[in-house]
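Here is the structure we will look at, set down as structure tokens.
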There are 2 protein chains.
Amino acid sequence: MKKEKQERSEACNHTLLAIRDTMELLSGKWKVQIIGTLIMTEKLKFMDLKRTVGGIGAKMLSKELQELEINQLVKRTVCNTKPITVEYEITEYGKSLQKVIYEIGAWGVQHRKHLFNSTSEYVLLNEKEDTTGVFQTC
Amino acid sequence: MKKEKQERSEACNHTLLAIRDTMELLSGKWKVQIIGTLIMTEKLKFMDLKRTVGGIGAKMLSKELQELEINQLVKRTVCNTKPITVEYEITEYGKSLQKVIYEIGAWGVQHRKHLFNSTSEYVLLNEKEDTTGVFQTC
DNA sequence: CAGGATCCTTTACGATACTG
DNA sequence: CAGTATCGTAAAGGATCCTG
């Protein structure tokens with residue numbers, strides 16, 4: 001293998017590892033949506049977050065939020081109410097994911113258009129399902 | 001709910017659906033890495049792709065590639081060799097994911113730096129494991 | 001309300017062996 | 001070589017009940 005090629009391959013490898021890292025943090029059915037929601041809203045109560053994300057169960061939301069908190073992407077604040085209430089917000093570090101999330105969202109939007117334009121019998125996934133959600137802060 | 005708020009909530013909802021769509025297409029442990037690899041290389045034989053991605057089994061790779069092909073993100077070409085050989089490359093449409101993939105990679109890179117700077121006993125995931133990989137086209 | 005504990009179902013993933 | 005088929009395991013996801 002020529003040296004030039006070797007260098008290129010190392011750059012690739014490096015990027016692939018980075019991709020792997022990121023995807024590991026964002027793994028799980030809901031993480032990206034949660035982060036996206038929090039980036040768009042800044043500070044939501046647990047139940048509002050649940051409603052906004054839509055479709056996620058309380059246990060899942062709770063679990064995913066814990067993982068995100070461990071990775072310093074979201075901040076959890078317990079409010080002094082009765083009964084207890086918890087607010088979640090994106091951290092400064094979490095905001096560094098903004099571009100990533102934005103691109104993902106933007107691609108999704110144009111992808112729908114693509115489907116719409118390329119076939120007549122397309123299937124739109126994730127059609128507004130149970131969007132009974134009320135947005136408090138969003 | 002005030003009208004203004006309602007509009008905002010619909011915009012959010014729209015974006016969240018889009019995010020969901022994208023993540024659905026990119027679901028699976030390897031899809032993003034595969035696309036990333038193909039975006040960086042343009043045209044790889046099955047085995048080379050397998051080596052480049054690193055760690056993935058043949059069955060998985062095959063399956064993920066099929067799903068990507070169905071979504072028109074990669075193109076599969078059977079070569080007239082003996083025994084048969086198959087080449088994969090990113091499609092034009094697949095290239096539309098370039099920005100997404102780039103941002104994911106870039107974030108992963110800076111995230112490593114973040115870990116490095118914020119703690120002394122950090123854990124680097126995905127350390128070069130079995131990178132016995134030889135890059136042919138990459 | 002937030003979230004832990006349990007239990008259960010369903011995928012995802014992977015190792016192995018086999019075929020054109 | 002590039003898959004497919006089969007099987008087994010592990011993880012993810014979800015429903016329900018329970019408590020401070």
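Letters A, B, ... mark the chains of the structure tokens in the order given; residue numbers begin at 1 per chain; ligand numbers begin at 1, in order shown.
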Within 8 Å of stretch 84-87 of chain A using only C-alpha atoms (C1' of nucleotides), minus same-chain residues under 6 positions, as JSON, numbers by chain: {"A": [43, 44, 45, 46, 76, 77, 78], "C": [1, 2]}
From a backbone DSSP assignment, name each residue in stretch 11-89 of chain B labelled strand (DSSP E), as a list in words. Leu44, Lys45, Val74, Lys75, Arg76, Thr77, Val78, Cys79, Thr85, Val86, Glu87, Tyr88 and Glu89 of chain B
Which residues of chain C come within 10 Å of chain B, and for each one, what is the closest pair of atoms and their distance in Å to one decimal, counting only C-alpha atoms (C1' of nucleotides), sorted by chain and residue number, as JSON lines?
{"residue": "C:DA12", "atom": "C1'", "partner": "B:Gly28", "partner_atom": "CA", "distance": 7.9}
{"residue": "C:DC13", "atom": "C1'", "partner": "B:Met60", "partner_atom": "CA", "distance": 7.9}
{"residue": "C:DG14", "atom": "C1'", "partner": "B:Gly57", "partner_atom": "CA", "distance": 7.3}
{"residue": "C:DA15", "atom": "C1'", "partner": "B:Gly57", "partner_atom": "CA", "distance": 9.2}
{"residue": "C:DG20", "atom": "C1'", "partner": "B:Ile84", "partner_atom": "CA", "distance": 9.4}
Export C-alpha atoms (C1' of nucleotides) of the chosen residues as a short mmCIF file (atom, residue, chain, number, x, y, z; two decimals), in the first residue's frame?
data_model
loop_
_atom_site.label_atom_id
_atom_site.label_comp_id
_atom_site.auth_asym_id
_atom_site.auth_seq_id
_atom_site.Cartn_x
_atom_site.Cartn_y
_atom_site.Cartn_z
"C1'" DA C 12 -31.35 -6.59 16.97
"C1'" DC C 13 -27.36 -8.70 16.59
"C1'" DG C 14 -24.02 -12.30 15.80
"C1'" DA C 15 -21.86 -17.12 14.97
"C1'" DG C 20 -24.61 -20.58 -6.64
#
Tell me as a ChimeraX atom specification which residues belonging to chain D come within 8 Å of chain B, counting only C-alpha atoms (C1' of nucleotides). /D:1-3
Name the residues in contact with B:Val74 at a cut-off of 8 Å, using only C-alpha atoms (C1' of nucleotides), excluding same-chain residues fewer than 6 positions from it; report them as a PDB file with C-alpha atoms, in the first residue's frame.
ATOM      1  CA  ILE B  35     -22.909   5.474   4.527  1.00  0.00           C
ATOM      2  CA  LEU B  65     -26.891  -2.678   2.656  1.00  0.00           C
ATOM      3  CA  LEU B  68     -29.990   1.194   2.316  1.00  0.00           C
ATOM      4  CA  TYR B  88     -21.343  -0.757  -3.538  1.00  0.00           C
ATOM      5  CA  GLU B  89     -21.368   2.950  -3.955  1.00  0.00           C
ATOM      6  CA  ILE B  90     -23.289   5.895  -2.655  1.00  0.00           C
ATOM      7  CA  THR B  91     -26.059   7.201  -4.877  1.00  0.00           C
ATOM      8  CA  GLY B  94     -27.298   9.193  -0.705  1.00  0.00           C
TER       9      GLY B  94
END
Provide the atom CA of B:Gly108 to atom CA of B:Leu26 distance in Å, to one decimal place. 16.8 Å
For chain A, which residue among B:Ile19, B:His14, B:Ser96, B:Lys113 is the nearest when counting only C-alpha atoms?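 Looking at the shortest contact to chain A, the residue is B:Ile19.
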Looking at only C-alpha atoms, which of B:Leu61, B:Leu73, B:Leu38, B:Ala106 is the one that sits closest to chain A? B:Ala106
Identify, with DSSP run on backbone atoms, the residues in stretch 54-116 of chain B assigned to helix (DSSP H, G or I), and express the list as an MDAnalysis selection string. chainID B and resid 58:70 92:95 98:116
Taking N, CA and C atoms for each residue, export the selection above as a compact mmCIF listing (two decimals), in the first residue's frame.
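And here is the file that came out, result.txt:
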# COMPACT_ATOMS: atom_id res chain seq x y z
N ALA B 58 -20.56 -10.33 8.08
CA ALA B 58 -21.02 -10.32 6.70
C ALA B 58 -22.54 -10.26 6.62
N LYS B 59 -23.17 -10.99 7.49
CA LYS B 59 -24.63 -11.03 7.43
C LYS B 59 -25.23 -9.66 7.71
N MET B 60 -24.73 -9.04 8.74
CA MET B 60 -25.21 -7.71 9.10
C MET B 60 -24.99 -6.73 7.96
N LEU B 61 -23.77 -6.74 7.45
CA LEU B 61 -23.45 -5.81 6.38
C LEU B 61 -24.40 -6.00 5.21
N SER B 62 -24.59 -7.24 4.87
CA SER B 62 -25.48 -7.55 3.77
C SER B 62 -26.88 -7.02 4.03
N LYS B 63 -27.35 -7.25 5.21
CA LYS B 63 -28.71 -6.82 5.54
C LYS B 63 -28.86 -5.30 5.53
N GLU B 64 -27.91 -4.66 6.18
CA GLU B 64 -27.99 -3.20 6.23
C GLU B 64 -27.89 -2.60 4.83
N LEU B 65 -27.03 -3.19 4.01
CA LEU B 65 -26.89 -2.68 2.66
C LEU B 65 -28.19 -2.81 1.87
N GLN B 66 -28.87 -3.91 2.10
CA GLN B 66 -30.14 -4.09 1.40
C GLN B 66 -31.14 -3.01 1.79
N GLU B 67 -31.18 -2.71 3.08
CA GLU B 67 -32.10 -1.69 3.51
C GLU B 67 -31.73 -0.33 2.93
N LEU B 68 -30.44 -0.08 2.88
CA LEU B 68 -29.99 1.19 2.32
C LEU B 68 -30.30 1.26 0.83
N GLU B 69 -30.20 0.11 0.18
CA GLU B 69 -30.48 0.08 -1.25
C GLU B 69 -31.96 0.35 -1.51
N ILE B 70 -32.78 -0.26 -0.69
CA ILE B 70 -34.22 -0.04 -0.82
C ILE B 70 -34.55 1.44 -0.70
N GLU B 92 -26.53 9.34 -5.81
CA GLU B 92 -26.64 10.79 -5.77
C GLU B 92 -27.50 11.20 -4.58
N TYR B 93 -28.58 10.48 -4.42
CA TYR B 93 -29.48 10.80 -3.32
C TYR B 93 -28.79 10.56 -1.98
N GLY B 94 -28.03 9.49 -1.92
CA GLY B 94 -27.30 9.19 -0.70
C GLY B 94 -26.36 10.32 -0.32
N LYS B 95 -25.83 10.97 -1.34
CA LYS B 95 -24.91 12.07 -1.07
C LYS B 95 -25.60 13.22 -0.37
N GLN B 98 -24.66 13.79 3.08
CA GLN B 98 -23.29 14.16 3.38
C GLN B 98 -23.15 15.12 4.57
N LYS B 99 -23.96 16.15 4.56
CA LYS B 99 -23.86 17.13 5.64
C LYS B 99 -24.19 16.50 6.98
N VAL B 100 -25.23 15.67 6.98
CA VAL B 100 -25.61 14.99 8.22
C VAL B 100 -24.44 14.17 8.73
N ILE B 101 -23.90 13.36 7.86
CA ILE B 101 -22.81 12.48 8.26
C ILE B 101 -21.60 13.29 8.71
N TYR B 102 -21.34 14.34 7.97
CA TYR B 102 -20.21 15.18 8.32
C TYR B 102 -20.36 15.74 9.73
N GLU B 103 -21.53 16.25 10.01
CA GLU B 103 -21.75 16.83 11.33
C GLU B 103 -21.62 15.79 12.44
N ILE B 104 -22.12 14.62 12.16
CA ILE B 104 -22.01 13.55 13.14
C ILE B 104 -20.55 13.22 13.41
N GLY B 105 -19.79 13.13 12.35
CA GLY B 105 -18.37 12.84 12.50
C GLY B 105 -17.65 13.95 13.23
N ALA B 106 -17.95 15.17 12.83
CA ALA B 106 -17.28 16.31 13.42
C ALA B 106 -17.59 16.40 14.91
N TRP B 107 -18.82 16.14 15.26
CA TRP B 107 -19.18 16.20 16.66
C TRP B 107 -18.45 15.13 17.45
N GLY B 108 -18.35 13.96 16.87
CA GLY B 108 -17.64 12.87 17.54
C GLY B 108 -16.19 13.23 17.80
N VAL B 109 -15.59 13.89 16.84
CA VAL B 109 -14.19 14.28 17.00
C VAL B 109 -14.03 15.27 18.15
N GLN B 110 -14.89 16.27 18.15
CA GLN B 110 -14.75 17.27 19.21
C GLN B 110 -15.18 16.70 20.55
N HIS B 111 -16.05 15.72 20.51
CA HIS B 111 -16.49 15.10 21.76
C HIS B 111 -15.33 14.37 22.44
N ARG B 112 -14.50 13.76 21.65
CA ARG B 112 -13.32 13.10 22.22
C ARG B 112 -12.43 14.12 22.91
N LYS B 113 -12.29 15.25 22.26
CA LYS B 113 -11.48 16.31 22.87
C LYS B 113 -12.11 16.75 24.17
N HIS B 114 -13.41 16.88 24.14
CA HIS B 114 -14.15 17.30 25.33
C HIS B 114 -13.89 16.34 26.48
N LEU B 115 -13.99 15.06 26.21
CA LEU B 115 -13.74 14.07 27.24
C LEU B 115 -12.32 14.20 27.75
N PHE B 116 -11.43 14.36 26.82
CA PHE B 116 -10.02 14.46 27.15
C PHE B 116 -9.75 15.64 28.08
Close residues, C:DC18 itself excluded, 12 Å, only C-alpha atoms (C1' of nucleotides), min 3 positions apart in chain, as a PyMOL selection string: chain D and resi 3-6
Generate the output file for the selected residues, N, CA, C and O atoms (P, O5', C5', C4', C3', O3' and C1' of nucleotides), as a PDB file, in the first residue's frame.
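Below is the file result04.pdb, written as the result:
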ATOM      1  P    DG D   3     -24.177  -9.258  -1.897  1.00  0.00           P
ATOM      2  O5'  DG D   3     -24.285  -9.902  -0.466  1.00  0.00           O
ATOM      3  C5'  DG D   3     -25.551 -10.323  -0.030  1.00  0.00           C
ATOM      4  C4'  DG D   3     -25.841 -11.750  -0.479  1.00  0.00           C
ATOM      5  C3'  DG D   3     -26.970 -12.345   0.332  1.00  0.00           C
ATOM      6  O3'  DG D   3     -28.122 -12.440  -0.478  1.00  0.00           O
ATOM      7  C1'  DG D   3     -25.100 -13.855   0.115  1.00  0.00           C
ATOM      8  P    DT D   4     -29.492 -12.340   0.283  1.00  0.00           P
ATOM      9  O5'  DT D   4     -29.827 -13.827   0.768  1.00  0.00           O
ATOM     10  C5'  DT D   4     -29.856 -14.904  -0.163  1.00  0.00           C
ATOM     11  C4'  DT D   4     -30.056 -16.189   0.631  1.00  0.00           C
ATOM     12  C3'  DT D   4     -31.138 -16.083   1.701  1.00  0.00           C
ATOM     13  O3'  DT D   4     -31.958 -17.229   1.569  1.00  0.00           O
ATOM     14  C1'  DT D   4     -29.137 -16.911   2.630  1.00  0.00           C
ATOM     15  P    DA D   5     -33.316 -17.379   2.368  1.00  0.00           P
ATOM     16  O5'  DA D   5     -33.061 -18.659   3.292  1.00  0.00           O
ATOM     17  C5'  DA D   5     -31.923 -19.492   3.076  1.00  0.00           C
ATOM     18  C4'  DA D   5     -31.806 -20.452   4.260  1.00  0.00           C
ATOM     19  C3'  DA D   5     -32.913 -20.308   5.302  1.00  0.00           C
ATOM     20  O3'  DA D   5     -33.204 -21.593   5.823  1.00  0.00           O
ATOM     21  C1'  DA D   5     -30.815 -19.859   6.308  1.00  0.00           C
ATOM     22  P    DT D   6     -34.421 -21.829   6.822  1.00  0.00           P
ATOM     23  O5'  DT D   6     -33.663 -22.122   8.192  1.00  0.00           O
ATOM     24  C5'  DT D   6     -32.414 -22.804   8.152  1.00  0.00           C
ATOM     25  C4'  DT D   6     -31.812 -22.875   9.550  1.00  0.00           C
ATOM     26  C3'  DT D   6     -32.804 -22.672  10.689  1.00  0.00           C
ATOM     27  O3'  DT D   6     -32.575 -23.666  11.665  1.00  0.00           O
ATOM     28  C1'  DT D   6     -30.952 -21.250  10.968  1.00  0.00           C
TER      29       DT D   6
END
Residue contacts of C:DA5 (10 Å, only C-alpha atoms (C1' of nucleotides)) excluding same-chain residues fewer than 2 positions away, as a VMD selection string: (chain C and resid 3 7) or (chain D and resid 17 to 18)
